[in-house]
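Shown here: structure30.cif, mmCIF, C-alpha atoms and all ligand atoms.
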data_structure
#
loop_
_atom_site.label_atom_id
_atom_site.label_comp_id
_atom_site.auth_asym_id
_atom_site.auth_seq_id
_atom_site.Cartn_x
_atom_site.Cartn_y
_atom_site.Cartn_z
CA MET F 18 70.29 95.30 110.32
CA LYS F 19 73.38 93.78 111.90
CA ASN F 20 75.83 95.79 113.99
CA ILE F 21 79.30 96.67 112.75
CA VAL F 22 81.78 96.38 115.62
CA LEU F 23 85.26 97.87 115.41
CA PHE F 24 88.08 96.42 117.51
CA GLY F 25 91.76 97.31 117.67
CA PHE F 26 94.51 98.85 119.75
CA MET F 27 94.29 102.45 120.98
CA GLY F 28 94.87 104.86 118.11
CA THR F 29 93.98 102.47 115.30
CA GLY F 30 91.08 104.71 114.23
CA LYS F 31 88.04 102.94 115.66
CA THR F 32 86.24 106.19 116.52
CA SER F 33 87.01 108.17 113.37
CA VAL F 34 86.36 105.22 111.04
CA GLY F 35 83.23 104.31 113.01
CA LYS F 36 81.78 107.82 112.72
CA LYS F 37 82.52 107.89 109.00
CA LEU F 38 80.95 104.48 108.40
CA ALA F 39 77.87 105.28 110.45
CA GLY F 40 77.35 108.51 108.51
CA GLU F 41 77.70 106.80 105.16
CA LEU F 42 75.49 103.84 106.03
CA GLY F 43 72.85 105.86 107.91
CA MET F 44 73.53 103.95 111.12
CA GLN F 45 73.97 105.19 114.69
CA PHE F 46 77.53 105.36 116.05
CA VAL F 47 78.22 104.33 119.64
CA ASP F 48 81.64 104.84 121.17
CA MET F 49 81.89 102.52 124.19
CA ASP F 50 84.44 104.59 126.12
CA HIS F 51 82.44 107.74 125.55
CA LEU F 52 79.23 106.09 126.75
CA ILE F 53 80.98 104.73 129.85
CA GLU F 54 82.33 108.22 130.63
CA GLU F 55 78.90 109.74 130.15
CA ARG F 56 77.18 107.23 132.41
CA GLU F 57 79.86 107.43 135.10
CA GLY F 58 80.09 111.22 134.86
CA ARG F 59 83.90 111.07 134.81
CA SER F 60 86.76 110.38 132.43
CA ILE F 61 88.37 106.99 131.72
CA ASN F 62 91.50 108.37 133.41
CA ASP F 63 89.49 109.17 136.58
CA ILE F 64 87.80 105.75 136.55
CA PHE F 65 91.17 103.96 136.31
CA ALA F 66 92.71 106.23 138.97
CA SER F 67 89.86 105.99 141.51
CA ASP F 68 88.53 102.49 141.01
CA GLY F 69 91.16 100.62 139.03
CA GLU F 70 91.23 98.69 135.78
CA PRO F 71 89.13 95.68 136.96
CA TYR F 72 86.26 98.05 137.80
CA PHE F 73 86.50 99.54 134.30
CA ARG F 74 86.62 96.07 132.66
CA ASN F 75 83.46 95.18 134.52
CA LEU F 76 81.64 98.25 133.19
CA GLU F 77 82.97 97.43 129.71
CA ARG F 78 81.73 93.83 129.96
CA GLY F 79 78.26 95.00 131.01
CA LEU F 80 78.09 97.40 128.10
CA VAL F 81 79.11 94.69 125.60
CA ARG F 82 76.25 92.52 126.86
CA GLU F 83 73.85 95.43 126.54
CA LEU F 84 74.95 96.58 123.07
CA SER F 85 75.06 93.07 121.65
CA GLN F 86 71.29 92.89 122.25
CA ARG F 87 70.79 95.85 119.90
CA GLU F 88 70.83 96.16 116.10
CA GLY F 89 71.86 98.66 113.44
CA LEU F 90 74.74 100.19 115.38
CA VAL F 91 78.31 100.95 114.43
CA ILE F 92 80.19 100.32 117.68
CA GLY F 93 83.68 101.58 118.51
CA THR F 94 85.02 99.39 121.31
CA GLY F 95 87.83 100.21 123.74
CA GLY F 96 91.21 98.75 122.84
CA GLY F 97 91.16 96.29 125.74
CA VAL F 98 87.77 94.77 125.04
CA VAL F 99 89.53 91.72 123.52
CA LEU F 100 90.95 90.83 126.96
CA ASN F 101 87.69 89.03 127.66
CA ARG F 102 87.01 86.57 124.87
CA ASP F 103 83.28 86.55 125.68
CA ASN F 104 83.19 90.15 124.47
CA ILE F 105 84.23 89.03 120.99
CA SER F 106 81.80 86.12 120.87
CA ASP F 107 78.86 88.22 122.12
CA PHE F 108 79.46 90.86 119.47
CA ALA F 109 80.17 88.26 116.76
CA ALA F 110 76.75 86.75 117.39
CA THR F 111 75.00 89.98 116.35
CA GLY F 112 77.34 91.74 114.00
CA LEU F 113 80.27 92.08 111.68
CA CYS F 114 83.41 92.25 113.85
CA VAL F 115 86.42 93.99 112.32
CA CYS F 116 89.82 94.53 113.93
CA LEU F 117 91.80 97.59 112.79
CA ASN F 118 95.55 97.00 112.93
CA ALA F 119 98.47 99.43 112.83
CA GLY F 120 102.18 99.26 113.64
CA PRO F 121 103.56 100.72 116.89
CA GLU F 122 105.22 103.71 115.17
CA GLU F 123 102.01 104.71 113.44
CA ILE F 124 100.06 104.30 116.68
CA LEU F 125 102.64 106.48 118.48
CA GLN F 126 102.24 109.21 115.86
CA ARG F 127 98.50 109.24 116.35
CA LEU F 128 98.66 109.21 120.18
CA GLU F 129 101.84 111.18 120.87
CA HIS F 130 100.09 114.25 122.27
CA ASP F 131 97.07 112.48 123.72
CA GLY F 132 96.83 112.18 127.50
CA SER F 133 93.55 110.31 127.68
CA ARG F 134 94.95 106.76 127.78
CA PRO F 135 95.81 105.69 131.35
CA LEU F 136 97.70 102.59 130.15
CA LEU F 137 100.17 104.76 128.21
CA ALA F 138 100.53 107.50 130.83
CA GLU F 139 103.85 106.42 132.33
CA GLY F 140 107.23 105.53 130.88
CA ASP F 141 108.38 105.45 127.28
CA LYS F 142 105.23 105.55 125.14
CA LEU F 143 106.59 103.64 122.13
CA GLN F 144 107.95 100.86 124.35
CA LYS F 145 104.65 100.69 126.22
CA ILE F 146 102.73 100.41 122.95
CA LYS F 147 105.05 97.62 121.76
CA ASP F 148 104.75 95.76 125.08
CA ILE F 149 100.95 95.88 125.22
CA LEU F 150 100.60 95.08 121.50
CA GLY F 151 102.88 92.09 122.05
CA THR F 152 100.80 90.70 124.89
CA ARG F 153 97.54 91.28 123.02
CA ALA F 154 98.46 90.24 119.46
CA ALA F 155 96.91 86.78 119.83
CA LEU F 156 93.74 88.32 121.30
CA TYR F 157 93.21 90.79 118.45
CA ALA F 158 93.73 87.88 116.05
CA ASN F 159 90.56 86.29 117.48
CA VAL F 160 88.42 89.00 115.85
CA PRO F 161 86.88 87.47 112.69
CA GLU F 162 87.78 90.23 110.16
CA GLN F 163 91.12 92.05 110.06
CA VAL F 164 92.10 95.29 108.30
CA ASP F 165 95.68 96.59 108.07
CA THR F 166 95.31 100.38 108.36
CA ASN F 167 99.01 101.28 108.02
CA GLY F 168 99.27 104.23 105.65
CA MET F 169 95.53 104.27 104.99
CA SER F 170 93.22 107.26 105.46
CA VAL F 171 90.00 107.10 107.47
CA ASP F 172 88.02 107.19 104.21
CA GLU F 173 90.01 104.29 102.76
CA VAL F 174 89.52 102.14 105.85
CA ALA F 175 85.79 102.92 105.92
CA ALA F 176 85.50 102.01 102.23
CA ARG F 177 87.29 98.72 102.86
CA ILE F 178 84.86 97.81 105.66
CA LYS F 179 81.85 98.77 103.53
CA GLU F 180 82.94 96.07 101.07
CA MET F 181 82.53 93.51 103.88
CA VAL F 182 78.98 94.53 104.84
C1 LIG S 201 92.17 100.74 126.62
C2 LIG S 201 91.80 101.47 125.52
C3 LIG S 201 90.99 102.70 125.61
C4 LIG S 201 90.15 102.70 126.88
C5 LIG S 201 91.02 102.46 128.07
C6 LIG S 201 91.75 101.11 128.00
C7 LIG S 201 92.99 99.52 126.44
O1 LIG S 201 90.14 102.78 124.47
O2 LIG S 201 89.12 101.75 126.82
O3 LIG S 201 91.93 103.52 128.16
O4 LIG S 201 93.06 98.70 127.37
O5 LIG S 201 93.57 99.34 125.34
P1 LIG S 201 90.63 103.28 123.01
O6 LIG S 201 91.09 102.06 122.28
O7 LIG S 201 89.39 103.86 122.43
O8 LIG S 201 91.70 104.26 123.22
#
Represent the structure from my file as structure tokens, please.
Ligand code: S3P
Amino acid sequence: MKNIVLFGFMGTGKTSVGKKLAGELGMQFVDMDHLIEEREGRSINDIFASDGEPYFRNLERGLVRELSQREGLVIGTGGGVVLNRDNISDFAATGLCVCLNAGPEEILQRLEHDGSRPLLAEGDKLQKIKDILGTRAALYANVPEQVDTNGMSVDEVAARIKEMV
């Protein structure tokens, strides 16, 4: 069975939709950030603070190569995985790749009280979300399938993706 790989900005629901989908389809869910934290024995915040973003991107790249060799997984990627286009093409070769999209205000609502995203830690959060979304819009557009999640529940998004499988 092919993998189902969920892309999208922080707070677009990759983890909650991924868990739901995996449960309904009887597949295993893998959250890339969670696996990286487990293997490193420290949080994403600590990895960024001690070793910097390039070090994290390198770990992320290695994990994409590893997971794209496997089958039958629902994979929740980190929001920045699209920064390296090879990550999209590796996953696209072995699975259905879906990008979850949401507007900056909706993303802010979901992440307002969350301190686990180092890229949103400083400054005005809404502005930061808009800035990063702006620079990445063209990269997210490279993901083959797109779902607009604005105003949709986790169940609705999962149902929509199931129609694509
Ligand atoms: C990042 C998104 C995060 C995590 C890291 C960097 C990004 O994942 O990988 O903080 O660059 O957008 P989530 O999308 O799961 O929050």
Report, in Å to a single decimal, how far apart CA of Met27 (chain F) and atom O1 of ligand LIG 201 (chain S) are.
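It comes out at 5.4 Å.
Coordinates place CA of Leu143 (chain F) at a distance of 9.4 Å from CA of Gln126 (chain F).
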Could you tell me which of F:Gly43, F:Gly93, F:Pro121, F:Gly151 comes closest to ligand LIG 201 (chain S) if we count all atoms listed in the file?
F:Gly93
Considering all atoms listed in the file, return as a CSV table (one decimal) with C-alpha atoms, in the coordinates of the input whatever protein or nucleic-acid residues lie within 8 Å of Phe46 (chain F), sequence-local ones (same chain, fewer than 3 positions apart) excluded.
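See result-v5.csv below for the written result:
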chain,number,residue,atom,x,y,z
F,35,GLY,CA,83.2,104.3,113.0
F,36,LYS,CA,81.8,107.8,112.7
F,39,ALA,CA,77.9,105.3,110.4
F,90,LEU,CA,74.7,100.2,115.4
F,91,VAL,CA,78.3,101.0,114.4
F,92,ILE,CA,80.2,100.3,117.7
F,93,GLY,CA,83.7,101.6,118.5
Is it possible to get the axis-aligned box enclosing region 111-128 of chain F (all listed atoms, 6 Å extra per side) as AutoDock Vina command-line options, with centre and edge lengths in Å rounded to one decimal?
--center_x 90.1 --center_y 99.6 --center_z 115.9 --size_x 42.2 --size_y 31.3 --size_z 20.5
Pick the closest to Cys114 (chain F) from F:Pro161, F:Gly95, F:Gly25, F:Gly168: which is it, counting all atoms listed in the file?
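Nearest to Cys114 (chain F): F:Pro161.
Those protein and nucleic acid residues that have any atom within 6 Å of ligand LIG 201 (chain S) are, using all atoms listed in the file, F:Phe26, F:Met27, F:Asp50, F:Gly95, F:Gly96, F:Gly97, F:Arg134, F:Pro135.
Residues with any atom within 12 Å of Gly79 (chain F), counting only C-alpha atoms and excluding same-chain neighbours fewer than 2 positions away, are Met49, Leu52, Ile53, Tyr72, Phe73, Arg74, Asn75, Leu76, Glu77, Val81, Arg82, Glu83, Leu84, Ser85, Gln86, Val98, Asn101, Asp103, Asn104 and Asp107 of chain F.
Using all atoms listed in the file, the smallest distance between any of F:Leu100, F:Ile105, F:His51, F:Val160 and Pro71 (chain F) comes from F:Leu100.
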Distance of CA of Met181 (chain F) from CA of Glu88 (chain F), expressed in Å to one decimal place:
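Taking CA of Glu88 (chain F) and CA of Met181 (chain F), their separation equals 17.1 Å.
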Which residue of F:Asp148, F:Lys19, F:Gly28, F:Ser106 approaches Leu125 (chain F) most closely, using all atoms listed in the file
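Closest to Leu125 (chain F) of all the choices is F:Gly28.
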Could you pull out every residue with an atom within 6 Å of (88.1, 95.9, 117.8), file coordinates, counting only C-alpha atoms, and send them as a list in words?
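Residues with an atom at most 6 Å from (88.1, 95.9, 117.8): Leu23, Phe24, Gly25, Thr94 and Cys116 of chain F.
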Within 8 Å of (86.4, 105.8, 133.7), all atoms listed in the file: residues as an MDAnalysis selection string?
chainID F and resid 50 53:54 57 59:65 73
Could you give me, as a PyMOL selection string, the residues within 8 Å of Lys142 (chain F), counting only C-alpha atoms and dropping anything in the same chain fewer than 4 positions from it?
chain F and resi 125+129+137-138+146
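Distances from F:Glu41, F:Glu162, F:Glu173, F:Glu55 to Leu113 (chain F) were compared using only C-alpha atoms, and the smallest one belongs to F:Glu162.
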Best match for closeness to Glu70 (chain F) among F:Leu38, F:Leu136, F:Ala154, F:Leu128, counting only C-alpha atoms
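Checking each candidate against Glu70 (chain F), we get F:Leu136 as the closest.
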Near Val34 (chain F), counting only C-alpha atoms, which residues have an atom at most 7 Å away, once you skip same-chain residues fewer than 3 positions from it, shown as a PDB file with C-alpha atoms, in the frame of the given file?
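This went into selection.pdb:
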ATOM      1  CA  GLY F  30      91.080 104.710 114.230  1.00  0.00           C
ATOM      2  CA  LYS F  31      88.040 102.940 115.660  1.00  0.00           C
ATOM      3  CA  LYS F  37      82.520 107.890 109.000  1.00  0.00           C
ATOM      4  CA  LEU F  38      80.950 104.480 108.400  1.00  0.00           C
ATOM      5  CA  VAL F 171      90.000 107.100 107.470  1.00  0.00           C
ATOM      6  CA  VAL F 174      89.520 102.140 105.850  1.00  0.00           C
ATOM      7  CA  ALA F 175      85.790 102.920 105.920  1.00  0.00           C
TER       8      ALA F 175
END
